[in-house]
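Peer 1: Below: one structure in structure tokens.
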Amino acid sequence: MKNLRNFISSSNLNNLRLFISLPIIALFAVTSLLLWQTTADMQDNSKNNIENGSPAELFSINSLRKSPPIIAAISANNLLALTPNLGNYPNTTITLGANTSIAPDTVPTGATSINVSTSSNFQGLLAANSTTGTIRVTNAHPAGTYTITVKAFNSGGMSTKTFTLTVGNGPICNGSLQFTNAPFIDIRGNNPRSIVVGDFNSDSNQDFITADPTDNSVSIRLGNGAGGFTGPNMRMLGSPHSLAIGDFNNDGNQDFVTANQSANTVSVRLGDGLGNFSNTTDVSIGTGISPKSIAVGDFNNDGNQDLVTANNTTNNVSILLGNSTGNFTNSTILSVGESPESVAIGDFNNDGKQDIVTTNRISNTLSTLLGDGTGGFSGEIIFYVGNSPVSIAIGDFNNDGNQDFAVADQSLNAISIRLGNGLNDFSN
């Protein structure tokens with residue numbers, strides 16, 4: 001009988017414990033389910049907001065503070081995942097005119113494209129590989145120290161790294177200056193008018209392309225590193241008169257573009273890094289006529305390369321903005337002096353924004369156009385030079401940190417030097 005009473009008492013106690021425990025367990029289960037659903041809803045909302053291009057509350061600091069710990073952790077992870085990651089680049093020193101490749105300490109993640117840029121004082125070529133992050137430098141010149149800026153982009157943001165590139169002066173020449181072993185290279189094109197140097201097959205040997213307007217072609221010659229060159233010719237349209245090299249689709253391979261004088265177009269050809277070029281994109285320069293010179297820049301600071309042409313007949317320039325796929329839009333026409341023959345890009349007022357200068361053969365002038373960093377430019381400012389200026393080079397000839405001009409005056413058989421003061425003013 002005593003055992004029976006003990007059994008009943010024990011059963012009642014267990015029932016009481018079960019009666020108290022069941023609501024607690026149920027409450028915990030419901031809370032966990034609600035927390036899981038809230039997290040899922042917030043993730044879905046953030047995804048929808050990202051796809052629709054609108055800011056998501058999930059990514060605000062206040063939202064993170066209000067969220068439970070688990071949700072806040074998820075929010076922070078999603079926020080970090082939006083921004084591409086770039087490794088660090090070592091400071092690098094190379095010899096004048098040399099080629100090199102500079103790799104980051106880690107491979108970039110989350111980047112859809114990578115852009116590399118530096119001061120317009122640098123006249124060599126820079127290209128970035130969006131997969132490896134490696135920066136290729138071709139024909140580094142002139143001597144000096146440059147801050148190289150690397151930017152990685154995706155739909156959620158941008159990351160930036162910088163490093164220093166020092167270009168040395170190279171060995172000093174003693175005695176008479178001589179050049180030996182100078183073979184003639186057959187380009188099989190007629191009347192070559194322009195030449196550019198690059199590394200089109202990524203072998204670290206310098207190559208070149210010439211524009212041959214008479215037979216509507218360009219001659220591509222790949223170097224072997226010993227002074228020899230071989231390669232094909234490519235047919236073009238509309239009398240290609242001038243050439244420039246860039247990376248117009250941000251794949252890390254060098255591309256080229258021609259200014260076609262009779263067709264009033266530019267032709268874009270995309271390189272594959274093996275010495276081959278594809279794409280048949282021909283872009284109108286708008287109302288400009290007879291483009292005789294072309295240059296590559298980034299006028300709106302979006303990381304995509306843009307173009308400017310000097311239009312000889314209409315006395316203006318055409319601005320074409322790139323979209324990173326090898327296409328160009330938004331042709332803007334800006335007036336310059338009479339019969340512009342050459343165009344170049346610099347920073348003449350030291351504001352960090354790219355400016356434009358043209359040589360104007362008939363009016364014997366230079367025209368400078370100051371950029372605002374968004375793709376817009378001021379009206380022209382005119383500077384007089386010698387007779388029939390047909391070509392221009394930008395440098396720093398008096399080592400004051402300001403860009404200067406050297407202008408080829410065809411009729412005078414002379415060079416005009418114009419020294420800049422960093423305020424877009426050039427003295428004689």
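Chains: A, B, ... in order of the structure tokens. Residues: from 1 per chain. Ligands: from 1, in order shown.
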Got a sec: who's within 8 Å of range 242-245 of chain A, counting only C-alpha atoms, leaving out chain neighbours fewer than 6 positions off, as a tab-separated table (two decimals) with N, CA and C atoms, in the first residue's frame?

Peer 2:
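Final output, out-v6.tsv:
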chain	number	residue	atom	x	y	z
A	125	LEU	N	51.68	52.34	-71.17
A	125	LEU	CA	50.37	51.70	-71.18
A	125	LEU	C	50.17	50.91	-69.90
A	193	ARG	N	50.71	56.56	-91.50
A	193	ARG	CA	50.62	57.89	-90.93
A	193	ARG	C	50.71	57.91	-89.41
A	194	SER	N	50.56	56.77	-88.76
A	194	SER	CA	50.56	56.75	-87.30
A	194	SER	C	51.09	55.40	-86.83
A	195	ILE	N	51.77	55.40	-85.66
A	195	ILE	CA	52.31	54.16	-85.11
A	195	ILE	C	52.18	54.20	-83.59
A	196	VAL	N	51.83	53.06	-83.00
A	196	VAL	CA	51.73	52.93	-81.55
A	196	VAL	C	52.43	51.65	-81.12
A	198	GLY	N	52.80	48.55	-78.21
A	198	GLY	CA	52.10	47.83	-77.16
A	198	GLY	C	52.69	46.45	-76.95
A	210	THR	N	50.71	50.06	-87.16
A	210	THR	CA	50.70	51.28	-87.96
A	210	THR	C	49.33	51.45	-88.62
A	211	ALA	N	48.93	52.71	-88.83
A	211	ALA	CA	47.71	53.03	-89.57
A	211	ALA	C	48.11	53.39	-90.99
A	254	GLN	N	45.15	44.29	-74.35
A	254	GLN	CA	45.26	45.55	-75.07
A	254	GLN	C	44.44	45.53	-76.35
A	255	ASP	N	43.65	46.58	-76.54
A	255	ASP	CA	42.82	46.79	-77.72
A	255	ASP	C	43.37	48.01	-78.47
A	256	PHE	N	42.84	48.25	-79.67
A	256	PHE	CA	43.23	49.48	-80.37
A	256	PHE	C	42.03	50.11	-81.05
A	257	VAL	N	42.17	51.40	-81.35
A	257	VAL	CA	41.11	52.15	-82.00
A	257	VAL	C	41.75	53.04	-83.06
A	258	THR	N	41.06	53.22	-84.18
A	258	THR	CA	41.55	54.09	-85.25
A	258	THR	C	40.56	55.23	-85.48
A	259	ALA	N	41.09	56.38	-85.86
A	259	ALA	CA	40.27	57.51	-86.33
A	259	ALA	C	40.25	57.46	-87.84
A	260	ASN	N	39.06	57.30	-88.43
A	260	ASN	CA	38.92	57.07	-89.86
A	260	ASN	C	38.51	58.38	-90.54
A	292	LYS	N	41.37	63.38	-87.61
A	292	LYS	CA	42.76	63.12	-87.96
A	292	LYS	C	43.60	62.65	-86.79
A	293	SER	N	43.07	62.73	-85.57
A	293	SER	CA	43.84	62.31	-84.41
A	293	SER	C	42.88	61.79	-83.34
A	294	ILE	N	43.37	60.87	-82.52
A	294	ILE	CA	42.53	60.26	-81.48
A	294	ILE	C	43.35	60.03	-80.23
A	295	ALA	N	42.72	60.16	-79.06
A	295	ALA	CA	43.38	59.91	-77.78
A	295	ALA	C	42.41	59.22	-76.84
A	296	VAL	N	42.96	58.49	-75.86
A	296	VAL	CA	42.18	57.69	-74.91
A	296	VAL	C	42.29	58.30	-73.53

Peer 1: Using backbone DSSP assignments, extract all strand (DSSP E) residues from range 291-370 of chain A; output them as a PyMOL selection string.

Peer 2: chain A and resi 291-297+306-311+316-322+328-335+340-346+355-360+365-369

Peer 1: Need the shell around Phe383 in chain A: protein/DNA/RNA residues with any atom at most 9 Å away, counting only C-alpha atoms. Skip same-chain ones fewer than 2 positions apart. Format as an NGL selection string?

Peer 2: :A and (364-368 or 381 or 385 or 425-427)

Peer 1: Please write the residues from the selection above to a file, keeping C-alpha atoms, as a JSON list (two decimals), in the first residue's frame.

Peer 2:
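Below you can see selection.json, which holds the result:
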[["chain", "number", "residue", "atom", "x", "y", "z"],
["A", 364, "ASN", "CA", 48.64, 78.56, -85.61],
["A", 365, "THR", "CA", 47.22, 78.00, -82.14],
["A", 366, "LEU", "CA", 46.66, 75.52, -79.35],
["A", 367, "SER", "CA", 43.20, 75.05, -77.80],
["A", 368, "THR", "CA", 42.86, 73.77, -74.22],
["A", 381, "ILE", "CA", 41.33, 78.82, -74.27],
["A", 385, "VAL", "CA", 52.53, 78.96, -81.32],
["A", 425, "ASP", "CA", 48.40, 79.25, -68.53],
["A", 426, "PHE", "CA", 51.38, 78.65, -70.82],
["A", 427, "SER", "CA", 54.17, 81.16, -71.32]]

Peer 1: List the neighbours of Asp203 in chain A out to 10 Å using only C-alpha atoms; skip same-chain residues closer than 2 positions along the sequence, and give me the result as a PDB file with N, CA, C and O atoms, in the first residue's frame.

Peer 2:
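Resulting contents of selection.pdb:
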ATOM      1  N   ASN A  99      58.894  46.769 -69.870  1.00  0.00           N
ATOM      2  CA  ASN A  99      57.595  46.156 -69.593  1.00  0.00           C
ATOM      3  C   ASN A  99      57.684  45.396 -68.278  1.00  0.00           C
ATOM      4  O   ASN A  99      58.748  44.883 -67.921  1.00  0.00           O
ATOM      5  N   ASP A 199      51.955  45.607 -76.249  1.00  0.00           N
ATOM      6  CA  ASP A 199      52.317  44.196 -76.089  1.00  0.00           C
ATOM      7  C   ASP A 199      51.037  43.407 -76.287  1.00  0.00           C
ATOM      8  O   ASP A 199      50.306  43.109 -75.354  1.00  0.00           O
ATOM      9  N   PHE A 200      50.771  43.041 -77.529  1.00  0.00           N
ATOM     10  CA  PHE A 200      49.463  42.523 -77.906  1.00  0.00           C
ATOM     11  C   PHE A 200      49.307  41.022 -77.682  1.00  0.00           C
ATOM     12  O   PHE A 200      48.188  40.520 -77.657  1.00  0.00           O
ATOM     13  N   ASN A 201      50.433  40.293 -77.544  1.00  0.00           N
ATOM     14  CA  ASN A 201      50.340  38.860 -77.302  1.00  0.00           C
ATOM     15  C   ASN A 201      50.859  38.467 -75.930  1.00  0.00           C
ATOM     16  O   ASN A 201      51.114  37.293 -75.662  1.00  0.00           O
ATOM     17  N   ASN A 205      57.326  41.198 -74.842  1.00  0.00           N
ATOM     18  CA  ASN A 205      58.097  41.820 -75.918  1.00  0.00           C
ATOM     19  C   ASN A 205      57.226  42.889 -76.574  1.00  0.00           C
ATOM     20  O   ASN A 205      56.032  42.669 -76.808  1.00  0.00           O
ATOM     21  N   GLN A 206      57.826  44.015 -76.892  1.00  0.00           N
ATOM     22  CA  GLN A 206      57.039  45.110 -77.434  1.00  0.00           C
ATOM     23  C   GLN A 206      56.711  44.906 -78.908  1.00  0.00           C
ATOM     24  O   GLN A 206      57.538  44.453 -79.695  1.00  0.00           O
ATOM     25  N   ASP A 207      55.456  45.230 -79.247  1.00  0.00           N
ATOM     26  CA  ASP A 207      54.915  45.098 -80.594  1.00  0.00           C
ATOM     27  C   ASP A 207      54.522  46.495 -81.089  1.00  0.00           C
ATOM     28  O   ASP A 207      54.577  47.468 -80.339  1.00  0.00           O
ATOM     29  N   LEU A 222      54.293  41.784 -84.376  1.00  0.00           N
ATOM     30  CA  LEU A 222      54.615  41.251 -83.061  1.00  0.00           C
ATOM     31  C   LEU A 222      56.120  41.100 -82.923  1.00  0.00           C
ATOM     32  O   LEU A 222      56.775  40.489 -83.777  1.00  0.00           O
ATOM     33  N   GLY A 223      56.684  41.653 -81.850  1.00  0.00           N
ATOM     34  CA  GLY A 223      58.120  41.624 -81.649  1.00  0.00           C
ATOM     35  C   GLY A 223      58.599  40.338 -81.006  1.00  0.00           C
ATOM     36  O   GLY A 223      57.874  39.703 -80.230  1.00  0.00           O
ATOM     37  N   ASN A 224      59.838  39.953 -81.331  1.00  0.00           N
ATOM     38  CA  ASN A 224      60.434  38.742 -80.750  1.00  0.00           C
ATOM     39  C   ASN A 224      61.428  39.049 -79.640  1.00  0.00           C
ATOM     40  O   ASN A 224      62.103  38.161 -79.133  1.00  0.00           O
ATOM     41  N   GLY A 225      61.546  40.324 -79.276  1.00  0.00           N
ATOM     42  CA  GLY A 225      62.458  40.710 -78.221  1.00  0.00           C
ATOM     43  C   GLY A 225      63.889  40.884 -78.675  1.00  0.00           C
ATOM     44  O   GLY A 225      64.758  41.259 -77.887  1.00  0.00           O
ATOM     45  N   GLY A 273      44.740  39.051 -76.186  1.00  0.00           N
ATOM     46  CA  GLY A 273      45.952  38.791 -75.424  1.00  0.00           C
ATOM     47  C   GLY A 273      46.891  37.822 -76.086  1.00  0.00           C
ATOM     48  O   GLY A 273      47.959  37.520 -75.544  1.00  0.00           O
ATOM     49  N   LEU A 274      46.530  37.338 -77.285  1.00  0.00           N
ATOM     50  CA  LEU A 274      47.367  36.399 -78.033  1.00  0.00           C
ATOM     51  C   LEU A 274      47.852  36.993 -79.344  1.00  0.00           C
ATOM     52  O   LEU A 274      48.418  36.282 -80.174  1.00  0.00           O
ATOM     53  N   GLY A 275      47.571  38.280 -79.548  1.00  0.00           N
ATOM     54  CA  GLY A 275      47.972  38.947 -80.787  1.00  0.00           C
ATOM     55  C   GLY A 275      46.873  39.006 -81.815  1.00  0.00           C
ATOM     56  O   GLY A 275      47.099  39.501 -82.932  1.00  0.00           O
TER      57      GLY A 275
END

Peer 1: From the set A:Asn316, A:Ser113, A:Thr118, A:Asn191, which residue has the shortest atom-to-atom contact distance to Thr132 in chain A, counting only C-alpha atoms?

Peer 2: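 Under the stated criterion, the closest residue is A:Ser113.
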
Peer 1: Figure out the distance between CA of Phe328 in chain A and CA of Pro84 in chain A, please, to one decimal in Å.

Peer 2: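 About the pair CA of Pro84 in chain A and CA of Phe328 in chain A: they are 25.5 Å apart.
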
Peer 1: Go through A:Gly189, A:Gly252, A:Pro108, A:Pro183 one by one, measure the shortest atom-to-atom distance of each to Leu86 in chain A using only C-alpha atoms, and give the residue with the smallest value.

Peer 2: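 Looking at the shortest contact to Leu86 in chain A, the residue is A:Pro108.
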
Peer 1: Pick out the residues sitting within 6 Å of range 343-354 of chain A, and hand them over as a list of chain:residue names; count only C-alpha atoms, and ignore anything fewer than 4 positions along from it in its own chain.

Peer 2: A:Ser120, A:Ser293, A:Ala310, A:Thr358, A:Gly371, A:Gly373, A:Gly422, A:Leu423, A:Asn424

Peer 1: Write a file of the just-selected residues containing all heavy atoms, as a PDB file, in the first residue's frame.

Peer 2:
ATOM      1  N   SER A 120      48.414  61.795 -65.934  1.00  0.00           N
ATOM      2  CA  SER A 120      48.548  61.890 -67.384  1.00  0.00           C
ATOM      3  C   SER A 120      49.981  62.199 -67.804  1.00  0.00           C
ATOM      4  O   SER A 120      50.285  62.202 -68.995  1.00  0.00           O
ATOM      5  CB  SER A 120      47.598  62.959 -67.939  1.00  0.00           C
ATOM      6  OG  SER A 120      47.830  64.209 -67.316  1.00  0.00           O
ATOM      7  N   SER A 293      43.075  62.726 -85.573  1.00  0.00           N
ATOM      8  CA  SER A 293      43.841  62.309 -84.406  1.00  0.00           C
ATOM      9  C   SER A 293      42.882  61.786 -83.344  1.00  0.00           C
ATOM     10  O   SER A 293      41.719  62.218 -83.288  1.00  0.00           O
ATOM     11  CB  SER A 293      44.661  63.478 -83.851  1.00  0.00           C
ATOM     12  OG  SER A 293      45.433  63.097 -82.743  1.00  0.00           O
ATOM     13  N   ALA A 310      40.128  64.676 -82.918  1.00  0.00           N
ATOM     14  CA  ALA A 310      40.298  66.030 -83.460  1.00  0.00           C
ATOM     15  C   ALA A 310      39.770  66.023 -84.886  1.00  0.00           C
ATOM     16  O   ALA A 310      40.299  65.318 -85.751  1.00  0.00           O
ATOM     17  CB  ALA A 310      41.771  66.433 -83.434  1.00  0.00           C
ATOM     18  N   THR A 358      44.472  70.643 -78.338  1.00  0.00           N
ATOM     19  CA  THR A 358      44.607  70.364 -79.767  1.00  0.00           C
ATOM     20  C   THR A 358      45.601  71.334 -80.382  1.00  0.00           C
ATOM     21  O   THR A 358      45.751  72.477 -79.920  1.00  0.00           O
ATOM     22  CB  THR A 358      43.266  70.506 -80.521  1.00  0.00           C
ATOM     23  OG1 THR A 358      42.815  71.867 -80.451  1.00  0.00           O
ATOM     24  CG2 THR A 358      42.207  69.575 -79.949  1.00  0.00           C
ATOM     25  N   GLY A 371      38.513  69.791 -68.229  1.00  0.00           N
ATOM     26  CA  GLY A 371      37.489  68.836 -67.852  1.00  0.00           C
ATOM     27  C   GLY A 371      36.972  69.062 -66.445  1.00  0.00           C
ATOM     28  O   GLY A 371      37.700  69.533 -65.565  1.00  0.00           O
ATOM     29  N   GLY A 373      35.497  66.405 -64.775  1.00  0.00           N
ATOM     30  CA  GLY A 373      35.476  65.095 -64.127  1.00  0.00           C
ATOM     31  C   GLY A 373      34.186  64.335 -64.290  1.00  0.00           C
ATOM     32  O   GLY A 373      34.071  63.190 -63.837  1.00  0.00           O
ATOM     33  N   GLY A 422      50.528  75.458 -64.085  1.00  0.00           N
ATOM     34  CA  GLY A 422      49.592  74.686 -63.277  1.00  0.00           C
ATOM     35  C   GLY A 422      48.223  75.313 -63.162  1.00  0.00           C
ATOM     36  O   GLY A 422      47.354  74.791 -62.449  1.00  0.00           O
ATOM     37  N   LEU A 423      48.005  76.442 -63.848  1.00  0.00           N
ATOM     38  CA  LEU A 423      46.719  77.148 -63.827  1.00  0.00           C
ATOM     39  C   LEU A 423      46.146  77.256 -65.229  1.00  0.00           C
ATOM     40  O   LEU A 423      45.347  78.163 -65.497  1.00  0.00           O
ATOM     41  CB  LEU A 423      46.887  78.537 -63.207  1.00  0.00           C
ATOM     42  CG  LEU A 423      47.427  78.565 -61.779  1.00  0.00           C
ATOM     43  CD1 LEU A 423      47.712  80.000 -61.342  1.00  0.00           C
ATOM     44  CD2 LEU A 423      46.441  77.914 -60.820  1.00  0.00           C
ATOM     45  N   ASN A 424      46.546  76.380 -66.131  1.00  0.00           N
ATOM     46  CA  ASN A 424      46.136  76.395 -67.529  1.00  0.00           C
ATOM     47  C   ASN A 424      46.596  77.681 -68.211  1.00  0.00           C
ATOM     48  O   ASN A 424      45.902  78.254 -69.050  1.00  0.00           O
ATOM     49  CB  ASN A 424      44.625  76.236 -67.688  1.00  0.00           C
ATOM     50  CG  ASN A 424      44.231  75.972 -69.137  1.00  0.00           C
ATOM     51  OD1 ASN A 424      44.911  75.218 -69.850  1.00  0.00           O
ATOM     52  ND2 ASN A 424      43.166  76.596 -69.596  1.00  0.00           N
TER      53      ASN A 424
END

Peer 1: Enter the distance from CA of Ala152 in chain A to CA of Gln305 in chain A, in Å, rounded to one decimal.

Peer 2: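 Atom-to-atom, CA of Ala152 in chain A and CA of Gln305 in chain A are spaced 14.5 Å apart.
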
Peer 1: Leaving out Ser388 in chain A and any residue of its chain fewer than 6 positions from it, which residues lie within 9 Å of it when counting only C-alpha atoms, given as a CSV table (one decimal) with N, CA, C and O atoms, in the first residue's frame?

Peer 2:
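around-v5.csv written:
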chain,number,residue,atom,x,y,z
A,359,THR,N,46.3,70.9,-81.4
A,359,THR,CA,47.1,71.8,-82.3
A,359,THR,C,46.3,72.1,-83.5
A,359,THR,O,45.7,71.3,-84.1
A,360,ASN,N,46.2,73.4,-83.8
A,360,ASN,CA,45.3,73.9,-84.9
A,360,ASN,C,46.2,74.5,-86.0
A,360,ASN,O,46.7,75.6,-85.8
A,361,ARG,N,46.3,73.8,-87.1
A,361,ARG,CA,47.3,74.1,-88.1
A,361,ARG,C,47.1,75.4,-88.8
A,361,ARG,O,48.0,76.2,-89.0
A,362,ILE,N,45.9,75.8,-89.2
A,362,ILE,CA,45.6,77.0,-90.0
A,362,ILE,C,45.7,78.2,-89.1
A,362,ILE,O,46.2,79.3,-89.5
A,363,SER,N,45.1,78.1,-87.9
A,363,SER,CA,45.1,79.3,-87.0
A,363,SER,C,46.4,79.5,-86.2
A,363,SER,O,46.6,80.5,-85.4
A,364,ASN,N,47.3,78.5,-86.3
A,364,ASN,CA,48.6,78.6,-85.6
A,364,ASN,C,48.4,78.7,-84.1
A,364,ASN,O,49.1,79.5,-83.4
A,365,THR,N,47.6,77.9,-83.6
A,365,THR,CA,47.2,78.0,-82.1
A,365,THR,C,47.1,76.6,-81.5
A,365,THR,O,47.1,75.6,-82.2
A,408,ALA,N,55.2,70.6,-82.7
A,408,ALA,CA,55.9,70.6,-83.9
A,408,ALA,C,55.3,71.6,-84.9
A,408,ALA,O,54.2,71.4,-85.3
A,409,ASP,N,56.1,72.6,-85.3
A,409,ASP,CA,55.6,73.6,-86.2
A,409,ASP,C,56.2,73.3,-87.6
A,409,ASP,O,57.3,73.5,-88.0
A,410,GLN,N,55.3,72.8,-88.4
A,410,GLN,CA,55.7,72.2,-89.7
A,410,GLN,C,56.3,73.2,-90.7
A,410,GLN,O,57.4,73.0,-91.3
A,411,SER,N,55.7,74.4,-90.8
A,411,SER,CA,56.2,75.3,-91.8
A,411,SER,C,57.5,76.0,-91.3
A,411,SER,O,58.3,76.4,-92.2
A,412,LEU,N,57.8,76.0,-90.1
A,412,LEU,CA,59.0,76.7,-89.5
A,412,LEU,C,60.2,75.7,-89.4
A,412,LEU,O,61.3,76.1,-89.1

Peer 1: Counting only C-alpha atoms, what is within 7 Å of Arg221 in chain A, bar same-chain residues fewer than 4 positions away, as number ranges by chain?

Peer 2: A: 207-209, 229-232

Peer 1: Let me see the file: selected residues, N, CA and C atoms, as an mmCIF file, in the first residue's frame.

Peer 2:
data_model
loop_
_atom_site.group_PDB
_atom_site.id
_atom_site.type_symbol
_atom_site.label_atom_id
_atom_site.label_comp_id
_atom_site.auth_asym_id
_atom_site.auth_seq_id
_atom_site.Cartn_x
_atom_site.Cartn_y
_atom_site.Cartn_z
ATOM 1 N N ASP A 207 55.456 45.230 -79.247
ATOM 2 C CA ASP A 207 54.915 45.098 -80.594
ATOM 3 C C ASP A 207 54.522 46.495 -81.089
ATOM 4 N N PHE A 208 54.099 46.588 -82.349
ATOM 5 C CA PHE A 208 53.603 47.877 -82.842
ATOM 6 C C PHE A 208 52.507 47.674 -83.872
ATOM 7 N N ILE A 209 51.724 48.740 -84.066
ATOM 8 C CA ILE A 209 50.685 48.788 -85.102
ATOM 9 C C ILE A 209 50.856 50.104 -85.853
ATOM 10 N N PHE A 229 60.257 41.517 -86.182
ATOM 11 C CA PHE A 229 58.806 41.677 -86.096
ATOM 12 C C PHE A 229 58.125 40.905 -87.221
ATOM 13 N N THR A 230 57.033 40.240 -86.906
ATOM 14 C CA THR A 230 56.199 39.566 -87.901
ATOM 15 C C THR A 230 54.741 39.763 -87.500
ATOM 16 N N GLY A 231 53.847 39.584 -88.473
ATOM 17 C CA GLY A 231 52.440 39.697 -88.127
ATOM 18 C C GLY A 231 51.584 40.057 -89.316
ATOM 19 N N PRO A 232 50.261 40.092 -89.098
ATOM 20 C CA PRO A 232 49.299 40.269 -90.183
ATOM 21 C C PRO A 232 48.934 41.722 -90.430
#

Peer 1: Looking at only C-alpha atoms, which of A:Gly379, A:Gly303, A:Gly168, A:Gly133 is the one that sits closest to Leu334 in chain A?

Peer 2: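 Of A:Gly379, A:Gly303, A:Gly168, A:Gly133, the one nearest Leu334 in chain A is A:Gly379, counting only C-alpha atoms.
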
Peer 1: Rank A:Asn330, A:Ser318, A:Thr109, A:Asn323 by their smallest atom-to-atom distance to Ile356 in chain A, using only C-alpha atoms, and report the top residue only.

Peer 2: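 Nearest to Ile356 in chain A: A:Ser318.
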
Peer 1: Please indicate the distance in Å from CA of Ser119 in chain A to CA of Tyr146 in chain A, rounded to one decimal place.

Peer 2: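 Result for CA of Ser119 in chain A versus CA of Tyr146 in chain A: 6.8 Å, one decimal.
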